[in-house]
>>> print(open('run.txt').read())   # compact mmCIF, C-alpha atoms
# COMPACT_ATOMS: atom_id res chain seq x y z
CA MET A 1 55.69 115.87 155.91
CA GLU A 2 52.93 116.49 153.38
CA LYS A 3 52.59 114.79 150.00
CA GLN A 4 52.89 118.21 148.30
CA GLU A 5 56.40 118.68 149.73
CA LEU A 6 57.71 115.71 147.77
CA ILE A 7 57.53 117.44 144.38
CA GLN A 8 60.49 119.70 145.17
CA TYR A 9 62.80 116.64 145.11
CA PHE A 10 61.73 115.59 141.60
CA ASN A 11 63.19 117.14 138.48
CA VAL A 12 62.08 117.04 134.86
CA ASN A 13 65.60 115.89 133.96
CA PHE A 14 65.13 112.74 136.06
CA PHE A 15 61.68 111.99 134.67
CA ILE A 16 61.72 109.01 132.32
CA PRO A 17 58.29 108.47 130.73
CA GLU A 18 59.31 105.14 129.18
CA LEU A 19 62.29 103.21 130.45
CA SER A 20 64.13 101.19 127.85
CA ALA A 21 65.53 98.88 130.56
CA ALA A 22 64.41 95.26 130.55
CA THR A 23 66.05 94.17 133.82
CA LYS A 24 66.53 95.57 137.30
CA ASP A 25 70.23 96.26 136.74
CA GLU A 26 69.51 98.00 133.46
CA ALA A 27 66.85 100.12 135.14
CA LEU A 28 69.22 101.20 137.93
CA ASP A 29 71.83 102.00 135.31
CA GLU A 30 69.42 103.95 133.09
CA ILE A 31 68.06 106.03 135.94
CA THR A 32 71.41 106.80 137.58
CA SER A 33 72.83 107.82 134.20
CA LYS A 34 70.30 110.70 134.24
CA PHE A 35 72.01 112.00 137.39
CA VAL A 36 75.37 111.86 135.61
CA GLU A 37 74.06 113.52 132.43
CA ASN A 38 72.76 116.38 134.54
CA ARG A 39 76.01 116.66 136.49
CA CYS A 40 74.32 115.83 139.77
CA ILE A 41 76.78 113.03 140.49
CA ARG A 42 80.31 112.51 139.23
CA ASN A 43 80.81 108.79 139.70
CA GLN A 44 77.93 106.57 138.61
CA ASP A 45 79.73 103.37 139.65
CA ILE A 46 79.80 104.40 143.30
CA LEU A 47 76.09 105.15 143.34
CA LEU A 48 75.27 101.95 141.46
CA ALA A 49 77.36 99.89 143.90
CA MET A 50 75.34 101.29 146.81
CA LEU A 51 71.97 100.72 145.09
CA LYS A 52 72.84 97.16 144.10
CA GLN A 53 74.06 96.44 147.61
CA ARG A 54 70.71 97.71 148.87
CA GLU A 55 68.90 95.36 146.47
CA ASN A 56 70.98 92.47 147.82
CA LEU A 57 69.58 93.24 151.23
CA GLY A 58 66.06 92.72 149.92
CA SER A 59 64.29 93.95 146.81
CA THR A 60 62.97 97.50 146.91
CA GLY A 61 60.11 96.26 144.73
CA ILE A 62 57.42 96.87 147.35
CA GLY A 63 54.71 95.16 145.32
CA LYS A 64 51.71 96.42 143.36
CA ALA A 65 53.96 97.26 140.38
CA ILE A 66 56.14 99.76 142.25
CA ALA A 67 59.81 99.85 143.25
CA ILE A 68 61.61 102.44 145.35
CA PRO A 69 65.37 101.85 145.07
CA HIS A 70 66.98 104.11 147.65
CA GLY A 71 69.99 104.91 149.76
CA ARG A 72 72.51 107.43 150.96
CA SER A 73 75.72 107.84 149.06
CA THR A 74 78.82 109.94 149.54
CA SER A 75 78.67 110.62 145.79
CA VAL A 76 75.34 112.46 146.03
CA LYS A 77 75.02 116.23 146.59
CA ASP A 78 71.33 116.65 147.42
CA VAL A 79 68.25 114.56 148.06
CA MET A 80 66.82 113.67 144.63
CA ILE A 81 63.94 111.54 143.42
CA ALA A 82 64.00 110.16 139.90
CA PHE A 83 60.86 108.71 138.36
CA GLY A 84 60.66 106.13 135.59
CA LYS A 85 57.80 104.23 133.98
CA SER A 86 57.87 100.96 132.13
CA GLU A 87 54.85 99.92 130.11
CA LYS A 88 56.13 96.35 129.61
CA GLY A 89 57.22 95.95 133.22
CA ILE A 90 60.55 95.00 134.80
CA ASP A 91 61.35 91.98 136.94
CA PHE A 92 62.54 93.63 140.14
CA GLY A 93 62.23 90.52 142.32
CA ALA A 94 59.37 92.37 144.00
CA VAL A 95 57.72 91.03 147.14
CA ASP A 96 54.63 89.98 145.15
CA ASN A 97 56.79 88.59 142.30
CA LYS A 98 54.98 90.84 139.85
CA PRO A 99 56.67 93.10 137.30
CA VAL A 100 57.37 96.69 138.26
CA HIS A 101 55.89 99.49 136.15
CA LEU A 102 56.77 102.54 138.26
CA ILE A 103 60.18 103.26 139.77
CA PHE A 104 60.93 106.02 142.23
CA MET A 105 64.66 106.25 142.93
CA VAL A 106 65.44 108.18 146.12
CA VAL A 107 69.05 109.11 146.79
CA ALA A 108 70.52 111.28 149.50
CA PRO A 109 73.90 112.57 150.65
CA PRO A 110 75.48 111.24 153.88
CA ILE A 111 74.40 114.30 155.81
CA GLU A 112 71.67 116.78 154.96
CA GLN A 113 70.88 119.73 157.18
CA SER A 114 67.14 119.27 156.86
CA ASN A 115 67.39 115.54 157.60
CA LYS A 116 64.54 114.81 155.22
CA TYR A 117 65.67 111.56 153.63
CA LEU A 118 63.78 109.11 155.85
CA PRO A 119 60.62 111.29 156.08
CA ILE A 120 60.64 111.56 152.26
CA LEU A 121 60.96 107.80 151.92
CA GLY A 122 58.19 107.29 154.46
CA LYS A 123 55.84 109.76 152.78
CA LEU A 124 56.45 108.19 149.40
CA VAL A 125 55.61 104.72 150.72
CA GLU A 126 52.49 106.08 152.44
CA THR A 127 51.37 107.85 149.25
CA ILE A 128 51.92 104.76 147.12
CA ASN A 129 50.13 102.48 149.57
CA ASN A 130 46.91 104.33 148.77
CA ILE A 131 45.14 102.56 145.90
CA LYS A 132 43.68 105.81 144.54
CA ASN A 133 47.15 107.35 144.38
CA ARG A 134 48.60 104.28 142.68
CA LYS A 135 45.93 104.42 139.99
CA ALA A 136 46.62 108.13 139.44
CA LEU A 137 50.39 107.55 139.22
CA MET A 138 49.89 104.82 136.62
CA GLN A 139 48.21 107.45 134.43
CA VAL A 140 51.12 109.91 134.65
CA GLN A 141 52.52 110.62 131.17
CA THR A 142 54.40 113.89 131.61
CA PHE A 143 56.32 115.72 134.30
CA GLU A 144 53.41 118.17 134.51
CA ASP A 145 51.08 115.24 135.30
CA LEU A 146 53.47 114.18 138.07
CA LYS A 147 53.58 117.71 139.49
CA ASN A 148 49.78 117.92 139.38
CA PHE A 149 49.50 114.59 141.17
CA PHE A 150 51.73 115.69 144.04
CA ASN A 151 50.17 119.15 144.24
CA GLU A 152 46.66 117.72 144.64
CA ASP A 153 45.19 117.37 148.12
CA MET B 1 97.13 105.47 148.02
CA ASN B 2 95.36 105.65 144.67
CA ASN B 3 91.95 106.26 143.15
CA ARG B 4 90.88 102.67 143.76
CA ASP B 5 91.45 103.30 147.48
CA LEU B 6 89.11 106.28 147.39
CA GLU B 7 86.41 104.32 145.60
CA VAL B 8 86.66 101.47 148.12
CA LEU B 9 86.54 103.97 150.99
CA VAL B 10 83.42 105.63 149.60
CA ASN B 11 81.79 102.22 149.04
CA LEU B 12 82.63 101.33 152.64
CA GLN B 13 81.12 104.53 154.02
CA ASP B 14 77.96 104.07 151.90
CA LEU B 15 77.66 100.53 153.23
CA ASP B 16 78.17 101.68 156.82
CA MET B 17 75.42 104.28 156.39
CA MET B 18 73.13 101.56 155.02
CA ILE B 19 73.86 99.31 158.01
CA ALA B 20 73.24 102.21 160.42
CA GLU B 21 69.83 103.07 158.93
CA MET B 22 68.67 99.53 158.23
CA ALA B 23 66.27 99.33 161.17
CA GLU B 24 64.61 102.65 160.32
CA VAL B 25 64.21 101.68 156.67
CA GLU B 26 62.67 98.37 157.74
CA LYS B 27 60.14 100.26 159.89
CA LEU B 28 58.97 102.07 156.76
CA GLY B 29 57.91 98.70 155.36
CA PHE B 30 60.86 97.81 153.17
CA ASN B 31 62.13 94.29 152.74
CA VAL B 32 65.41 94.03 154.69
CA GLN B 33 66.17 90.34 154.94
CA GLY B 34 69.75 89.79 153.91
CA LYS B 35 71.47 91.65 156.76
CA GLU B 36 74.29 89.11 156.84
CA ASN B 37 75.01 89.95 153.17
CA LEU B 38 75.91 93.50 154.20
CA GLU B 39 78.40 92.35 156.81
CA GLU B 40 79.88 89.98 154.25
CA ALA B 41 80.11 92.79 151.69
CA ARG B 42 81.76 95.01 154.31
CA ASN B 43 84.35 92.35 155.08
CA GLU B 44 85.02 91.97 151.38
CA LEU B 45 85.67 95.72 151.02
CA ILE B 46 87.91 95.70 154.07
CA ARG B 47 90.01 92.94 152.51
CA LYS B 48 90.73 95.30 149.59
CA MET B 49 92.11 98.00 151.91
CA SER B 50 95.47 98.45 153.50
CA LYS B 51 95.52 98.26 157.31
CA PRO B 52 96.69 101.88 157.79
CA LEU B 53 93.90 103.16 155.54
CA LEU B 54 91.28 101.10 157.36
CA TYR B 55 92.64 102.32 160.70
CA LYS B 56 92.39 105.92 159.50
CA TYR B 57 88.82 105.39 158.28
CA GLU B 58 87.67 103.74 161.52
CA LYS B 59 89.37 106.41 163.65
CA LEU B 60 87.75 109.25 161.69
CA LYS B 61 84.38 107.48 161.72
CA LYS B 62 84.55 107.12 165.49
CA ARG B 63 85.41 110.77 165.91
CA TYR B 64 83.15 112.39 163.35
CA LYS B 65 80.58 109.69 162.44
CA ARG B 66 81.37 110.34 158.76
CA ALA B 67 85.01 109.79 157.79
CA ILE B 68 84.65 110.94 154.19
CA VAL B 69 83.09 114.31 153.50
CA PRO B 70 82.16 116.04 150.28
CA VAL B 71 83.94 119.06 148.90
CA GLN B 72 81.77 121.63 147.23
CA ASP B 73 82.96 124.94 145.79
CA ASP B 74 86.41 124.25 147.27
CA VAL B 75 85.00 123.97 150.79
CA CYS B 76 85.31 120.91 153.04
CA LEU B 77 81.72 120.20 154.07
CA GLY B 78 82.97 118.62 157.28
CA CYS B 79 84.60 121.68 158.88
CA PHE B 80 83.76 124.32 156.22
CA MET B 81 87.39 125.24 155.71
CA ARG B 82 88.21 126.64 152.26
CA LEU B 83 90.71 124.42 150.47
CA PRO B 84 93.50 125.75 148.26
CA THR B 85 92.40 125.87 144.60
CA SER B 86 95.39 123.83 143.49
CA PHE B 87 94.42 121.17 146.02
CA SER B 88 90.92 120.91 144.57
CA ALA B 89 92.19 120.63 141.01
CA LYS B 90 94.23 117.59 142.03
CA GLY B 91 91.46 116.12 144.16
CA ARG B 92 88.99 116.09 141.28
CA GLU B 93 91.23 113.74 139.36
CA ASP B 94 90.60 111.04 141.98
CA ALA B 95 94.27 110.18 141.68
CA MET B 96 94.96 110.34 145.41
CA VAL B 97 93.21 110.23 148.74
CA TYR B 98 93.31 113.73 150.21
CA GLU B 99 92.62 114.78 153.76
CA CYS B 100 91.30 118.14 154.90
CA GLU B 101 94.08 120.20 156.45
CA GLY B 102 91.56 121.58 158.93
CA CYS B 103 89.77 118.50 160.30
CA GLY B 104 91.66 115.56 158.85
CA ARG B 105 88.61 114.02 157.22
CA ILE B 106 89.02 112.27 153.87
CA LEU B 107 87.78 114.45 151.01
CA TYR B 108 85.52 113.53 148.11
CA TRP B 109 84.97 116.07 145.34
CA LEU B 110 81.35 116.23 144.20
CA ASP B 111 81.86 118.35 141.09
>>> encode(input="run.txt", output="structure tokens")
Amino acid sequence: MEKQELIQYFNVNFFIPELSAATKDEALDEITSKFVENRCIRNQDILLAMLKQRENLGSTGIGKAIAIPHGRSTSVKDVMIAFGKSEKGIDFGAVDNKPVHLIFMVVAPPIEQSNKYLPILGKLVETINNIKNRKALMQVQTFEDLKNFFNED
Amino acid sequence: MNNRDLEVLVNLQDLDMMIAEMAEVEKLGFNVQGKENLEEARNELIRKMSKPLLYKYEKLKKRYKRAIVPVQDDVCLGCFMRLPTSFSAKGREDAMVYECEGCGRILYWLD
């Protein structure tokens, strides 16, 4: 999978330029509520239960100010990536114990024909592990900026 | 069976999918340390279910891998059988646990 392919899973409706959440739970709630508002999921509680269970397994705060909460849920129709930024930072219990400023939430249905969920997750981690990419993502202000970032070589 | 049963069933399936993919997610570099917590959470969900419902779930899971399948546009996404419209109207209310008349899988309405 190429970095450019990831943009198709983002949506302007799930782009949150400044999260109001102050805690991890609030952030999960704020982001998943975007899926409900846009009628992409019907039951937020089911999705939240899965995401919180995943966090109990180990924080998805991968360090360097980034978290990627993720998982498959029966309540999800399609693979979707939501993106949220927090200027003040959120305590996500990240591996480096530092606050998280960028959140990519990746959710997927139980079965998808293209079977892209794990490759998407892997490509996202690979992209974020690059310091140049991280710096560029920190500068993202609009959905257009995000699209431009992923469309770049 | 009631709507709480369906929610518990869906939670259980989500948890089972997480357990199944744990090793692959770990390979991607994610922190996956509390594996025992998942088993504990699974047992907790099971305690909330009736034995016949759990038996049905496990039997369907063994047969199809996924016991609960989504319904989209009145179609069971397990066997692609079209469901009666009246059936879908009731299913959306989450008031009961419905099974597909074609494949027997438990249905979950996405819209």
>>> closest_residue(input="run.txt", among="A:Gly93, A:Pro99, A:Gly84, A:Pro17", to="chain B", atoms="only C-alpha atoms")
A:Gly93
>>> closest_residue(input="run.txt", among="B:Lys35, B:Lys27, B:Arg82, B:Lys65", to="chain A", atoms="all atoms listed in the file")
B:Lys35
>>> atom_distance(input="run.txt", atom1="CA of Phe104 (chain A)", atom2="CA of Ala82 (chain A)")
5.7 Å
>>> interface_residues(input="run.txt", of="chain A", to="chain B", cutoff="6 Å", atoms="all atoms listed in the file", output="PyMOL selection string")
chain A and resi 57-58+73+122
>>> atom_distance(input="run.txt", atom1="CA of Asn13 (chain A)", atom2="CA of Ser75 (chain A)")
18.4 Å
>>> residues_around(input="run.txt", residues="Asn151 (chain A)", least_positions_apart="3", cutoff="10 Å", atoms="only C-alpha atoms", output="list of chain:residue names")
A:Glu2, A:Lys3, A:Gln4, A:Glu5, A:Leu6, A:Ile7, A:Asp145, A:Leu146, A:Lys147, A:Asn148
>>> write_last_selection(input="run.txt", atoms="C-alpha atoms", output="PDB file, in the coordinates of the input")
ATOM      1  CA  GLU A   2      52.930 116.490 153.380  1.00  0.00           C
ATOM      2  CA  LYS A   3      52.590 114.790 150.000  1.00  0.00           C
ATOM      3  CA  GLN A   4      52.890 118.210 148.300  1.00  0.00           C
ATOM      4  CA  GLU A   5      56.400 118.680 149.730  1.00  0.00           C
ATOM      5  CA  LEU A   6      57.710 115.710 147.770  1.00  0.00           C
ATOM      6  CA  ILE A   7      57.530 117.440 144.380  1.00  0.00           C
ATOM      7  CA  ASP A 145      51.080 115.240 135.300  1.00  0.00           C
ATOM      8  CA  LEU A 146      53.470 114.180 138.070  1.00  0.00           C
ATOM      9  CA  LYS A 147      53.580 117.710 139.490  1.00  0.00           C
ATOM     10  CA  ASN A 148      49.780 117.920 139.380  1.00  0.00           C
TER      11      ASN A 148
END
>>> atom_distance(input="run.txt", atom1="CA of Thr60 (chain A)", atom2="CA of Val95 (chain A)")
8.3 Å
>>> residues_around(input="run.txt", residues="Ala65 (chain A)", least_positions_apart="2", cutoff="10 Å", atoms="all atoms listed in the file", output="VMD selection string")
chain A and resid 61 to 63 67 86 89 to 92 94 to 103 134 138
>>> residues_around(input="run.txt", residues="Glu99 (chain B)", least_positions_apart="5", cutoff="12 Å", atoms="only C-alpha atoms", output="list in words")
Met1, Leu6, Leu53, Lys56, Tyr57, Leu60, Ala67, Ile68, Val69, Pro70, Val71, Cys76, Gly78, Cys79, Met81, Leu83, Phe87, Ser88, Gly91, Gly104, Arg105, Ile106, Leu107, Tyr108 and Trp109 of chain B
